[in-house]
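Here's upload.txt, which has compact mmCIF, C-alpha atoms and all ligand atoms:
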# COMPACT_ATOMS: atom_id res chain seq x y z
CA MET Q 1 -28.40 -17.04 -16.76
CA ARG Q 2 -31.80 -15.77 -15.63
CA TRP Q 3 -33.15 -12.45 -16.83
CA VAL Q 4 -35.36 -9.82 -15.28
CA ALA Q 5 -37.51 -7.40 -17.28
CA ALA Q 6 -35.92 -3.95 -17.21
CA GLY Q 7 -37.91 -1.24 -18.97
CA SER Q 8 -38.19 -2.24 -22.60
CA GLY Q 9 -35.20 -4.59 -22.30
CA ARG Q 10 -33.93 -7.09 -19.75
CA ALA Q 11 -31.11 -7.35 -17.25
CA PRO Q 12 -29.23 -10.43 -16.07
CA GLN Q 13 -30.16 -11.59 -12.58
CA ILE Q 14 -27.20 -12.26 -10.31
CA GLY Q 15 -26.97 -14.23 -7.11
CA GLY Q 16 -25.63 -13.07 -3.80
CA THR Q 17 -23.56 -16.08 -2.84
CA LEU Q 18 -19.91 -16.32 -3.77
CA THR Q 19 -18.55 -19.56 -5.15
CA LEU Q 20 -15.16 -21.14 -4.56
CA ALA Q 21 -14.08 -19.80 -7.96
CA ASP Q 22 -14.96 -16.24 -6.85
CA HIS Q 23 -12.83 -16.60 -3.72
CA LEU Q 24 -9.93 -18.22 -5.57
CA GLY Q 25 -9.97 -15.49 -8.21
CA ALA Q 26 -9.92 -12.86 -5.46
CA CYS Q 27 -6.92 -14.55 -3.86
CA LEU Q 28 -4.97 -14.60 -7.12
CA ALA Q 29 -5.90 -10.99 -7.87
CA ARG Q 30 -4.42 -9.99 -4.50
CA TRP Q 31 -1.10 -11.25 -5.82
CA GLY Q 32 -1.53 -9.36 -9.05
CA ILE Q 33 -2.32 -12.54 -11.00
CA ASN Q 34 -5.04 -12.28 -13.62
CA ARG Q 35 -5.92 -8.91 -12.18
CA MET Q 36 -6.67 -7.40 -15.54
CA THR Q 37 -9.07 -10.13 -16.59
CA PHE Q 38 -10.72 -10.07 -13.17
CA MET Q 39 -13.61 -7.92 -14.29
CA VAL Q 40 -17.30 -8.14 -15.02
CA PRO Q 41 -18.94 -6.64 -18.11
CA PRO Q 42 -20.31 -3.18 -17.31
CA GLY Q 43 -24.07 -2.70 -17.46
CA LEU Q 44 -27.25 -3.08 -15.44
CA TYR Q 45 -27.76 -6.16 -13.26
CA ALA Q 46 -30.69 -7.27 -11.14
CA ILE Q 47 -30.24 -8.52 -7.59
CA GLY Q 48 -33.42 -10.38 -6.60
CA ALA Q 49 -36.48 -9.12 -8.51
CA PRO Q 50 -36.24 -5.31 -8.52
CA ASP Q 51 -39.14 -3.22 -9.89
CA SER Q 52 -39.30 0.38 -11.06
CA GLU Q 53 -39.21 1.65 -7.46
CA ALA Q 54 -36.15 -0.37 -6.45
CA PRO Q 55 -32.96 1.47 -5.48
CA VAL Q 56 -30.04 1.70 -7.92
CA VAL Q 57 -26.58 1.00 -6.51
CA VAL Q 58 -23.52 1.93 -8.58
CA THR Q 59 -20.18 0.11 -8.45
CA ALA Q 60 -16.99 -0.56 -10.43
CA ASN Q 61 -16.39 -3.52 -12.70
CA TYR Q 62 -13.49 -4.78 -10.60
CA LYS Q 63 -14.82 -8.20 -9.78
CA MET Q 64 -13.86 -7.98 -6.13
CA SER Q 65 -15.84 -4.73 -5.65
CA TYR Q 66 -18.79 -6.22 -7.53
CA ASP Q 67 -18.67 -9.44 -5.49
CA ILE Q 68 -18.59 -7.58 -2.18
CA VAL Q 69 -21.57 -5.44 -3.20
CA ARG Q 70 -23.71 -8.30 -4.48
CA ARG Q 71 -22.98 -10.36 -1.40
CA ALA Q 72 -23.90 -7.46 0.89
CA LEU Q 73 -27.19 -6.95 -0.98
CA CYS Q 74 -28.11 -10.64 -1.15
CA GLY Q 75 -31.79 -11.21 -0.42
CA ARG Q 76 -32.87 -7.71 -1.47
CA ASN Q 77 -34.36 -6.34 -4.66
CA VAL Q 78 -31.88 -3.85 -6.04
CA TRP Q 79 -30.60 -2.69 -9.41
CA LEU Q 80 -26.82 -2.79 -9.70
CA LEU Q 81 -25.26 -0.44 -12.25
CA VAL Q 82 -21.69 -1.54 -13.01
CA LEU Q 83 -19.40 1.08 -14.54
CA GLU Q 84 -16.49 0.34 -16.87
CA THR Q 85 -13.41 0.99 -14.73
CA TYR Q 86 -11.22 -1.52 -16.56
CA GLY Q 87 -11.10 -3.90 -13.63
CA ILE Q 88 -9.92 -1.29 -11.14
CA ASN Q 89 -11.57 -0.74 -7.75
CA VAL Q 90 -13.78 2.25 -6.98
CA TRP Q 91 -11.20 4.26 -5.02
CA CYS Q 92 -8.37 3.94 -7.55
CA ALA Q 93 -10.71 4.33 -10.53
CA ALA Q 94 -12.16 7.52 -9.05
CA GLY Q 95 -8.63 8.88 -8.70
CA LYS Q 96 -7.93 8.04 -12.33
CA GLY Q 97 -11.29 9.45 -13.42
CA THR Q 98 -12.63 6.22 -14.94
CA PHE Q 99 -15.18 5.93 -12.15
CA GLY Q 100 -16.33 9.38 -13.16
CA THR Q 101 -19.10 11.69 -14.24
CA GLY Q 102 -18.66 10.90 -17.95
CA GLU Q 103 -18.75 7.14 -17.56
CA LEU Q 104 -21.70 7.28 -15.17
CA VAL Q 105 -23.80 9.43 -17.51
CA ARG Q 106 -22.84 7.25 -20.48
CA ARG Q 107 -23.74 4.05 -18.65
CA ILE Q 108 -27.10 5.48 -17.56
CA GLU Q 109 -27.89 6.25 -21.22
CA ASN Q 110 -26.60 2.92 -22.56
CA THR Q 111 -28.65 0.87 -20.14
CA GLY Q 112 -31.79 2.98 -20.55
CA LEU Q 113 -31.95 3.34 -16.77
CA ALA Q 114 -34.42 6.23 -17.04
CA GLN Q 115 -36.98 3.78 -18.49
CA VAL Q 116 -36.17 1.03 -15.99
CA VAL Q 117 -36.82 3.00 -12.83
CA SER Q 118 -39.44 5.63 -12.12
CA HIS Q 119 -37.34 7.49 -9.52
CA ARG Q 120 -34.17 9.52 -10.21
CA ARG Q 121 -31.81 8.54 -7.45
CA LEU Q 122 -28.47 6.75 -7.59
CA ILE Q 123 -26.57 5.36 -4.63
CA LEU Q 124 -22.79 5.65 -4.96
CA PRO Q 125 -19.95 4.61 -2.66
CA ILE Q 126 -18.41 7.58 -0.84
CA LEU Q 127 -14.96 6.77 -2.20
CA GLY Q 128 -16.37 7.22 -5.71
CA ALA Q 129 -16.95 10.92 -5.00
CA ALA Q 130 -13.35 11.72 -5.95
CA GLY Q 131 -14.29 10.95 -9.57
CA VAL Q 132 -17.95 11.90 -9.82
CA SER Q 133 -19.45 15.36 -9.65
CA ALA Q 134 -22.99 14.98 -8.34
CA HIS Q 135 -24.35 18.30 -9.58
CA ARG Q 136 -22.95 17.72 -13.08
CA VAL Q 137 -24.58 14.29 -13.23
CA LYS Q 138 -27.87 15.90 -12.26
CA GLN Q 139 -27.41 18.58 -14.93
CA ARG Q 140 -26.57 16.11 -17.66
CA CYS Q 141 -29.09 13.34 -17.09
CA GLY Q 142 -31.43 14.33 -14.29
CA PHE Q 143 -30.29 11.69 -11.82
CA GLU Q 144 -29.67 12.68 -8.22
CA VAL Q 145 -26.49 11.21 -6.69
CA ALA Q 146 -26.40 10.15 -3.05
CA TYR Q 147 -23.06 9.10 -1.61
CA ALA Q 148 -23.93 6.35 0.80
CA THR Q 149 -21.20 4.62 2.75
CA VAL Q 150 -17.48 3.93 2.62
CA ARG Q 151 -17.89 0.16 2.97
CA ALA Q 152 -20.30 -1.97 0.94
CA ALA Q 153 -21.04 -4.00 4.06
CA ASP Q 154 -22.94 -1.01 5.47
CA LEU Q 155 -25.20 -0.74 2.40
CA PRO Q 156 -28.07 -2.83 3.83
CA ALA Q 157 -28.20 -0.66 6.95
CA TYR Q 158 -28.07 2.44 4.76
CA LEU Q 159 -30.93 1.19 2.61
CA ASP Q 160 -33.00 0.39 5.69
CA GLN Q 161 -32.43 3.75 7.37
CA GLY Q 162 -32.25 5.88 4.25
CA ALA Q 163 -29.24 7.72 5.67
CA ALA Q 164 -25.70 6.99 6.76
CA THR Q 165 -24.50 7.19 10.35
CA PRO Q 166 -21.20 8.98 10.99
CA ALA Q 167 -19.51 5.59 11.45
CA MET Q 168 -20.61 4.50 7.97
CA ARG Q 169 -18.96 7.59 6.46
CA GLU Q 170 -15.68 7.16 8.23
CA LEU Q 171 -12.73 5.63 6.49
CA ARG Q 172 -10.74 3.14 8.51
CA PHE Q 173 -7.50 1.39 7.78
CA ASN Q 174 -7.09 -1.65 9.95
CA TRP Q 175 -4.48 -4.34 10.05
CA TYR Q 176 -6.29 -6.56 7.57
CA ASP Q 177 -6.84 -3.68 5.12
CA ARG Q 178 -3.09 -3.18 5.06
CA LEU Q 179 -2.24 -6.87 4.93
CA VAL Q 180 -4.19 -7.50 1.73
CA LEU Q 181 -2.26 -4.71 0.00
CA VAL Q 182 1.14 -6.23 0.67
CA PRO Q 183 1.18 -9.14 -1.85
CA VAL Q 184 0.65 -7.05 -4.95
CA GLU Q 185 3.26 -4.55 -3.73
CA LEU Q 186 5.76 -7.40 -3.37
CA VAL Q 187 5.01 -8.55 -6.90
CA LEU Q 188 5.38 -5.00 -8.27
CA ALA Q 189 8.66 -4.47 -6.45
CA ALA Q 190 10.12 -7.77 -7.70
CA LYS Q 191 10.66 -6.33 -11.18
CA PRO Q 192 13.23 -3.68 -10.27
CA VAL Q 193 14.53 -5.44 -7.14
CA LEU Q 194 15.48 -8.84 -8.58
CA PRO Q 195 17.93 -7.54 -11.21
CA VAL Q 196 19.53 -5.19 -8.68
CA THR Q 197 19.91 -8.04 -6.21
CA ALA Q 198 21.47 -10.19 -8.92
CA LEU Q 199 23.91 -7.39 -9.67
CA VAL Q 200 24.85 -7.03 -5.99
CA TYR Q 201 25.38 -10.78 -5.82
CA LEU Q 202 27.62 -10.81 -8.90
CA VAL Q 203 29.75 -7.88 -7.77
CA ALA Q 204 30.15 -9.29 -4.26
CA ARG Q 205 30.96 -12.67 -5.75
CA LEU Q 206 33.61 -11.13 -7.96
CA PHE Q 207 35.39 -9.12 -5.28
CA TRP Q 208 34.68 -11.15 -2.16
CA SER Q 209 33.37 -14.70 -1.87
CA ALA Q 210 30.25 -16.72 -2.60
CA ASP Q 211 29.26 -16.58 1.07
CA VAL Q 212 29.54 -12.82 1.23
CA ALA Q 213 27.60 -12.48 -2.01
CA ALA Q 214 24.74 -14.65 -0.79
CA ALA Q 215 24.64 -12.81 2.53
CA ALA Q 216 24.57 -9.40 0.83
CA ALA Q 217 21.82 -10.45 -1.58
CA LEU Q 218 19.68 -11.90 1.21
CA ALA Q 219 20.23 -8.87 3.41
CA LEU Q 220 19.05 -6.63 0.58
CA LEU Q 221 15.93 -8.70 -0.06
CA GLY Q 222 15.22 -8.63 3.66
CA ALA Q 223 15.42 -4.84 3.68
CA VAL Q 224 13.00 -4.63 0.76
CA PHE Q 225 10.62 -7.00 2.53
CA THR Q 226 10.92 -4.95 5.74
CA GLY Q 227 9.99 -1.81 3.82
CA ILE Q 228 7.07 -3.34 1.93
CA ALA Q 229 5.53 -5.68 4.48
CA VAL Q 230 6.79 -4.98 8.00
CA GLY Q 231 6.66 -1.18 7.80
CA PRO Q 232 3.05 -0.98 6.58
CA LEU Q 233 1.83 -3.68 8.95
CA LEU Q 234 3.42 -2.02 11.98
CA LEU Q 235 2.42 1.44 10.74
CA PRO Q 236 0.63 2.64 13.89
CA LEU Q 237 3.35 1.22 16.14
CA LEU Q 238 6.28 2.89 14.41
CA PRO Q 239 6.87 6.38 15.78
CA GLY Q 240 6.43 9.60 13.84
CA ARG Q 241 4.11 10.57 11.01
CA SER Q 242 6.52 10.43 8.14
CA PHE Q 243 6.47 7.15 6.25
CA ALA Q 244 10.13 7.55 5.32
CA VAL Q 245 11.08 7.82 9.00
CA LYS Q 246 8.88 4.87 9.93
CA GLY Q 247 10.48 2.77 7.20
CA ALA Q 248 14.00 3.81 8.18
CA LEU Q 249 13.31 2.86 11.81
CA ALA Q 250 11.94 -0.52 10.75
CA GLY Q 251 15.11 -0.93 8.68
CA VAL Q 252 17.38 -0.09 11.63
CA VAL Q 253 15.57 -2.64 13.79
CA TYR Q 254 15.95 -5.17 10.98
CA CYS Q 255 19.71 -4.42 10.79
CA ALA Q 256 20.08 -4.78 14.54
CA LEU Q 257 18.32 -8.16 14.44
CA LEU Q 258 20.53 -9.22 11.55
CA TYR Q 259 23.60 -8.10 13.48
CA ALA Q 260 22.55 -10.01 16.58
CA LEU Q 261 21.42 -13.19 14.85
CA ALA Q 262 23.79 -13.45 11.87
CA GLY Q 263 27.10 -13.07 13.66
CA GLY Q 264 27.52 -9.32 13.26
CA ALA Q 265 30.62 -9.29 15.43
CA GLY Q 266 32.51 -11.00 12.62
CA TRP Q 267 31.39 -8.66 9.81
CA GLY Q 268 34.18 -6.10 10.08
CA VAL Q 269 33.76 -2.35 10.40
CA ALA Q 270 33.15 -1.54 6.73
CA ALA Q 271 30.45 -4.17 6.20
CA THR Q 272 28.69 -3.25 9.45
CA LEU Q 273 28.64 0.44 8.61
CA GLY Q 274 27.55 -0.27 5.06
CA CYS Q 275 24.76 -2.47 6.31
CA PHE Q 276 23.42 0.06 8.79
CA LEU Q 277 23.50 2.82 6.19
CA ALA Q 278 22.19 1.09 3.10
CA LEU Q 279 19.52 -1.28 4.43
CA PRO Q 280 17.44 1.29 6.35
CA ALA Q 281 17.57 3.54 3.27
CA VAL Q 282 16.08 0.74 1.17
CA SER Q 283 13.38 -0.04 3.75
CA SER Q 284 12.62 3.66 4.07
CA PHE Q 285 12.04 4.02 0.34
CA TYR Q 286 9.65 1.09 0.17
CA THR Q 287 7.63 2.17 3.17
CA LEU Q 288 7.39 5.67 1.70
CA ASN Q 289 6.15 4.05 -1.48
CA PHE Q 290 3.30 2.48 0.49
CA THR Q 291 1.72 5.94 0.75
CA GLY Q 292 0.27 5.18 -2.69
CA CYS Q 293 -1.82 2.42 -1.10
CA THR Q 294 -3.07 4.25 1.96
CA THR Q 295 -6.19 6.32 2.16
CA TYR Q 296 -5.00 9.07 4.46
CA THR Q 297 -1.79 10.37 2.92
CA SER Q 298 -1.95 13.51 0.79
CA LYS Q 299 -0.04 14.24 -2.37
CA SER Q 300 1.48 17.37 -0.82
CA GLY Q 301 2.65 15.34 2.16
CA VAL Q 302 4.29 12.68 0.04
CA LYS Q 303 5.95 15.37 -2.09
CA LYS Q 304 7.41 16.94 1.02
CA GLU Q 305 8.67 13.58 2.27
CA MET Q 306 10.27 12.84 -1.05
CA ARG Q 307 11.93 16.23 -1.29
CA LEU Q 308 13.46 15.75 2.14
CA GLY Q 309 13.84 11.97 2.15
CA LEU Q 310 15.16 10.96 -1.25
CA PRO Q 311 18.44 12.94 -0.97
CA VAL Q 312 19.06 11.42 2.47
CA MET Q 313 18.41 7.92 1.14
CA ALA Q 314 20.68 8.50 -1.83
CA ALA Q 315 23.41 9.89 0.41
CA ALA Q 316 23.17 6.89 2.74
CA LEU Q 317 23.43 4.49 -0.18
CA GLY Q 318 26.37 6.43 -1.63
CA ALA Q 319 28.17 6.51 1.71
CA ALA Q 320 27.60 2.79 2.22
CA LEU Q 321 29.02 2.04 -1.21
CA PHE Q 322 32.02 4.28 -0.56
CA ILE Q 323 32.76 2.69 2.82
CA VAL Q 324 32.48 -0.85 1.53
CA VAL Q 325 34.66 -0.14 -1.51
CA ALA Q 326 37.20 1.76 0.59
CA GLY Q 327 37.24 -1.09 3.09
CA ARG Q 328 37.99 -3.52 0.29
CA LEU Q 329 40.80 -1.42 -1.17
CA LEU Q 330 42.47 -0.69 2.13
CA VAL Q 331 42.44 -4.19 3.57
CA MET M 1 -8.70 8.80 10.57
CA LYS M 2 -8.65 7.09 13.94
CA GLY M 3 -5.14 6.08 14.89
CA PHE M 4 -3.58 7.53 11.75
CA ARG M 5 -2.42 11.10 11.22
CA TYR M 6 -0.23 12.23 8.38
CA LEU M 7 2.07 15.26 8.12
CA GLU M 8 0.72 18.56 9.44
CA GLY M 9 0.36 21.83 7.59
CA VAL M 10 0.77 20.49 4.05
CA ALA M 11 -2.80 20.09 2.77
CA THR M 12 -3.66 22.47 -0.08
CA LEU M 13 -7.37 22.64 0.75
CA GLU M 14 -8.98 26.09 0.44
CA LEU M 15 -12.52 27.11 1.32
CA ASP M 16 -14.02 30.32 -0.02
CA THR M 17 -16.67 30.96 2.62
CA ALA M 18 -18.26 33.80 0.65
CA ARG M 19 -19.23 31.41 -2.13
CA CYS M 20 -20.43 28.60 0.12
CA ILE M 21 -24.18 27.99 0.08
CA GLY M 22 -24.14 25.55 2.98
CA CYS M 23 -25.47 22.61 0.97
CA GLY M 24 -23.49 20.07 2.96
CA ARG M 25 -22.15 18.06 0.03
CA CYS M 26 -18.59 18.38 1.32
CA VAL M 27 -19.66 16.85 4.63
CA GLU M 28 -21.32 14.01 2.74
CA VAL M 29 -18.35 13.13 0.51
CA CYS M 30 -15.33 13.68 2.74
CA PRO M 31 -14.24 10.33 4.18
CA HIS M 32 -12.04 12.09 6.74
CA GLN M 33 -14.63 14.36 8.34
CA VAL M 34 -12.75 17.53 7.46
CA PHE M 35 -15.90 19.70 7.31
CA ARG M 36 -18.88 20.66 9.38
CA VAL M 37 -21.73 22.97 8.39
CA GLU M 38 -22.30 25.63 11.02
CA GLY M 39 -24.89 28.36 10.55
CA LYS M 40 -25.44 27.70 6.82
CA LYS M 41 -21.71 27.78 6.04
CA ALA M 42 -19.15 25.03 5.78
CA VAL M 43 -16.17 25.24 8.11
CA VAL M 44 -12.92 23.31 7.92
CA VAL M 45 -12.60 21.60 11.28
CA ASP M 46 -9.68 19.26 10.58
CA ARG M 47 -7.51 20.42 7.69
CA ASP M 48 -4.61 18.11 8.54
CA ALA M 49 -6.83 15.06 8.02
CA CYS M 50 -7.30 15.98 4.34
CA MET M 51 -5.79 13.45 1.94
CA GLU M 52 -6.36 15.68 -1.10
CA CYS M 53 -8.67 13.24 -2.86
CA GLY M 54 -10.54 16.14 -4.47
CA ALA M 55 -14.03 14.77 -3.80
CA CYS M 56 -15.23 17.89 -1.99
CA ALA M 57 -14.05 20.33 -4.68
CA LEU M 58 -15.52 18.18 -7.45
CA ASN M 59 -18.90 18.02 -5.72
CA CYS M 60 -19.20 21.59 -4.45
CA PRO M 61 -21.89 23.17 -6.67
CA PRO M 62 -20.70 26.82 -6.41
CA ALA M 63 -17.02 25.80 -6.60
CA ALA M 64 -16.24 27.23 -3.18
CA LEU M 65 -13.60 24.57 -2.54
CA LYS M 66 -10.18 24.19 -4.09
CA VAL M 67 -7.62 21.46 -3.54
CA ASP M 68 -4.61 20.25 -5.49
CA ALA M 69 -5.91 16.69 -5.83
CA GLY M 70 -3.95 13.58 -6.67
CA VAL M 71 -2.78 10.25 -5.31
CA GLY M 72 0.19 10.57 -3.00
CA CYS M 73 2.31 7.79 -4.36
CA ALA M 74 6.08 7.93 -4.38
CA SER M 75 6.82 5.65 -7.32
CA GLY M 76 4.15 7.34 -9.40
CA MET M 77 5.71 10.74 -8.70
CA ILE M 78 9.18 9.52 -9.53
CA HIS M 79 7.91 8.24 -12.86
CA GLU M 80 6.22 11.57 -13.47
CA TRP M 81 9.44 13.44 -12.71
CA LEU M 82 11.45 11.17 -14.95
CA ARG M 83 8.91 11.63 -17.73
CA GLU M 84 9.04 15.40 -17.33
CA LYS M 85 12.83 15.37 -17.46
CA LYS M 86 12.58 12.93 -20.38
CA LEU M 87 14.76 10.40 -18.59
CA PRO M 88 14.09 6.72 -19.03
CA GLY M 89 12.91 5.14 -15.78
CA PHE M 90 12.63 1.53 -14.78
CA SER M 91 9.04 0.82 -15.72
CA GLY M 92 6.49 -0.89 -13.54
CA GLY M 93 5.54 0.56 -10.17
CA GLY M 94 2.81 3.13 -10.46
CA CYS M 95 -0.01 3.48 -8.02
CA CYS M 96 -3.24 1.69 -7.49
CA GLY M 97 -2.47 -1.36 -9.66
S1 LIG Q 401 -20.12 21.67 -0.80
FE1 LIG Q 401 -19.44 23.77 -1.17
S2 LIG Q 401 -21.30 25.02 -1.03
FE2 LIG Q 401 -21.80 23.02 -0.14
S3 LIG Q 401 -21.41 23.30 2.04
FE3 LIG Q 401 -19.54 22.48 1.19
S4 LIG Q 401 -18.31 24.29 0.69
FE4 LIG Q 401 -20.39 24.99 1.01
S1 LIG Q 402 -9.91 16.60 -0.62
FE1 LIG Q 402 -10.88 14.71 0.09
S2 LIG Q 402 -10.03 14.40 2.14
FE2 LIG Q 402 -9.60 16.53 1.59
S3 LIG Q 402 -11.29 17.66 2.45
FE3 LIG Q 402 -11.84 17.21 0.33
S4 LIG Q 402 -13.00 15.31 0.46
FE4 LIG Q 402 -11.93 15.54 2.41
As structure tokens, how would this structure be written, given the file I've shared?
Amino acid sequence: MRWVAAGSGRAPQIGGTLTLADHLGACLARWGINRMTFMVPPGLYAIGAPDSEAPVVVTANYKMSYDIVRRALCGRNVWLLVLETYGINVWCAAGKGTFGTGELVRRIENTGLAQVVSHRRLILPILGAAGVSAHRVKQRCGFEVAYATVRAADLPAYLDQGAATPAMRELRFNWYDRLVLVPVELVLAAKPVLPVTALVYLVARLFWSADVAAAAALALLGAVFTGIAVGPLLLPLLPGRSFAVKGALAGVVYCALLYALAGGAGWGVAATLGCFLALPAVSSFYTLNFTGCTTYTSKSGVKKEMRLGLPVMAAALGAALFIVVAGRLLV
Amino acid sequence: MKGFRYLEGVATLELDTARCIGCGRCVEVCPHQVFRVEGKKAVVVDRDACMECGACALNCPPAALKVDAGVGCASGMIHEWLREKKLPGFSGGGCCG
């Protein structure tokens, strides 16, 4: 570890190139593995050889955020102030308040930043603004907060121009942004879904046959996958604005494919009806749940969808259960 | 956001124009370009794009902005409801890791 003089103390100097270990760790973290230990110690770091005039960039101690920032700033002389967000990215930490006014002021005091730099200007990511109050920071420690860009990749251009272009301030949500969110959602869903699937399998096994049980369990897992992965990925292609409706439509398409490819003609009326009622409801729920991962859905909107959607989903599941049980008893 | 629009007419954003000093902070922090400053006052130009992140209200020096901020996340809300009703829920889920 190399050190750079920082005021009366020193700060570790960090490089801008990512190693294989950095990339591998990022990959695992995407799947929710080692996510909580995937953090860097908070504090002041030096990129290059910054002096007392060098800009100060603030980020979270989620290692992926930190890595993206230090790679973007490679080859420059910048101070990097890393806040303690408990390994959570800037956007989520701002929502939880850990990337917040209190932590920022505390970290400025702890690192003695006022002695390290002669200016009083901090550069924060725009998505951190949901947790930080610029005028309160100024009041409490004299530092001026500038919200720079949404993406760290635009930081060099921002530093060169001293201002952000409209494009740098605009949040986007492309296919890749959505794709990287899917793995951890799958892992999170596994916990409630696997026991339920096992239960469905056992019940179907008890009252029908092993084949039926396996088919029912797989169909259910498919519906969950449709809701978590297919719905979000096809988001702009699915009609409507409501996530619940988008998810339900993806589920209906999934059912139709299942019907066409898995010998639907031989299912019988009860199973077919049950399938078309229950599976879209499951997909709908999981696509609605994806609103927690997006950056354009509002709390009020999700509340409205849940108020209208959850009863419909529950009714569909109930009806499916009733039909399947009735079908069994009558035949 | 380009290509993505969420439900209309639900955002709880409120601007008190009388208090606004036209500093432009809201324009700087809003990632969805909801505001513009016209003639020394902020105006809401695209309310339906608001995702209720709360950044504008938190950073408005004279507190001219109000919004019921929070993360719109279904499983998080269900857990909150269950907690309020004191019902045990299946744990896990939650938003934002
Ligand atoms: S941040 Fe507040 S005072 Fe400043 S322009 Fe926006 S509404 Fe007006
Ligand atoms: S709450 Fe967030 S999205 Fe809504 S107007 Fe304010 S800054 Fe923009």
Could the residues of chain Q that have an atom at most 9 Å from ligand LIG 402 (chain Q) be listed as a Markdown table, each with its closest atom pair and the distance in Å to one decimal, counting all atoms listed in the file and ordered by chain and ascending residue number?
| residue | atom | partner | partner_atom | distance |
| --- | --- | --- | --- | --- |
| Q:Ala129 | CA | Q:LIG402 | S4 | 8.0 |
| Q:Ala130 | CA | Q:LIG402 | FE1 | 7.2 |
| Q:Thr295 | CA | Q:LIG402 | S2 | 8.9 |
| Q:Tyr296 | CA | Q:LIG402 | S2 | 7.7 |
| Q:Ser298 | CA | Q:LIG402 | S2 | 8.2 |
Output file for the residues above (C-alpha atoms, as a PDB file, keeping the file's coordinate frame):
ATOM      1  CA  ALA Q 129     -16.950  10.920  -5.000  1.00  0.00           C
ATOM      2  CA  ALA Q 130     -13.350  11.720  -5.950  1.00  0.00           C
ATOM      3  CA  THR Q 295      -6.190   6.320   2.160  1.00  0.00           C
ATOM      4  CA  TYR Q 296      -5.000   9.070   4.460  1.00  0.00           C
ATOM      5  CA  SER Q 298      -1.950  13.510   0.790  1.00  0.00           C
TER       6      SER Q 298
END
For ligand LIG 401 (chain Q), collect every residue having any atom at a distance of at most 9 Å from a ligand atom (counting only C-alpha atoms and all ligand atoms); output as a compact mmCIF listing (two decimals) with C-alpha atoms, in the coordinates of the input.
# COMPACT_ATOMS: atom_id res chain seq x y z
CA LEU M 15 -12.52 27.11 1.32
CA ASP M 16 -14.02 30.32 -0.02
CA THR M 17 -16.67 30.96 2.62
CA ARG M 19 -19.23 31.41 -2.13
CA CYS M 20 -20.43 28.60 0.12
CA ILE M 21 -24.18 27.99 0.08
CA GLY M 22 -24.14 25.55 2.98
CA CYS M 23 -25.47 22.61 0.97
CA GLY M 24 -23.49 20.07 2.96
CA ARG M 25 -22.15 18.06 0.03
CA CYS M 26 -18.59 18.38 1.32
CA VAL M 27 -19.66 16.85 4.63
CA GLU M 28 -21.32 14.01 2.74
CA VAL M 29 -18.35 13.13 0.51
CA PHE M 35 -15.90 19.70 7.31
CA ARG M 36 -18.88 20.66 9.38
CA VAL M 37 -21.73 22.97 8.39
CA LYS M 40 -25.44 27.70 6.82
CA LYS M 41 -21.71 27.78 6.04
CA ALA M 42 -19.15 25.03 5.78
CA VAL M 43 -16.17 25.24 8.11
CA CYS M 56 -15.23 17.89 -1.99
CA ALA M 57 -14.05 20.33 -4.68
CA LEU M 58 -15.52 18.18 -7.45
CA ASN M 59 -18.90 18.02 -5.72
CA CYS M 60 -19.20 21.59 -4.45
CA PRO M 61 -21.89 23.17 -6.67
CA PRO M 62 -20.70 26.82 -6.41
CA ALA M 63 -17.02 25.80 -6.60
CA ALA M 64 -16.24 27.23 -3.18
CA LEU M 65 -13.60 24.57 -2.54
Q.
Contacts from chain Q to chain M, 6 Å maximum, all atoms listed in the file: show me the residue list as a PyMOL selection string.
A. chain Q and resi 92+126+129-130+133-134+169-171+188+241+289+291-292+296-302
Q: Compare Q:Gly75, Q:Pro156, Q:Gly7, Q:Gly222 by their minimum atom-to-atom distance to Asp51 (chain Q), counting only C-alpha atoms, and give me the closest one.
A: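 Using only C-alpha atoms, Asp51 (chain Q) sits closest to Q:Gly7.
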Q: For CA of Ala148 (chain Q) and CA of Leu124 (chain Q), quote the distance in Å rounded to one decimal.
A: 5.9 Å
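Interatomic distance, CA of Gly97 (chain Q) against CA of Lys63 (chain Q): 18.4 Å.
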Q.
Would you compute the distance between CA of Val44 (chain M) and CA of Glu14 (chain M)? Give it in Å to one decimal.
A.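 That distance, rounded to one decimal, is 8.9 Å.
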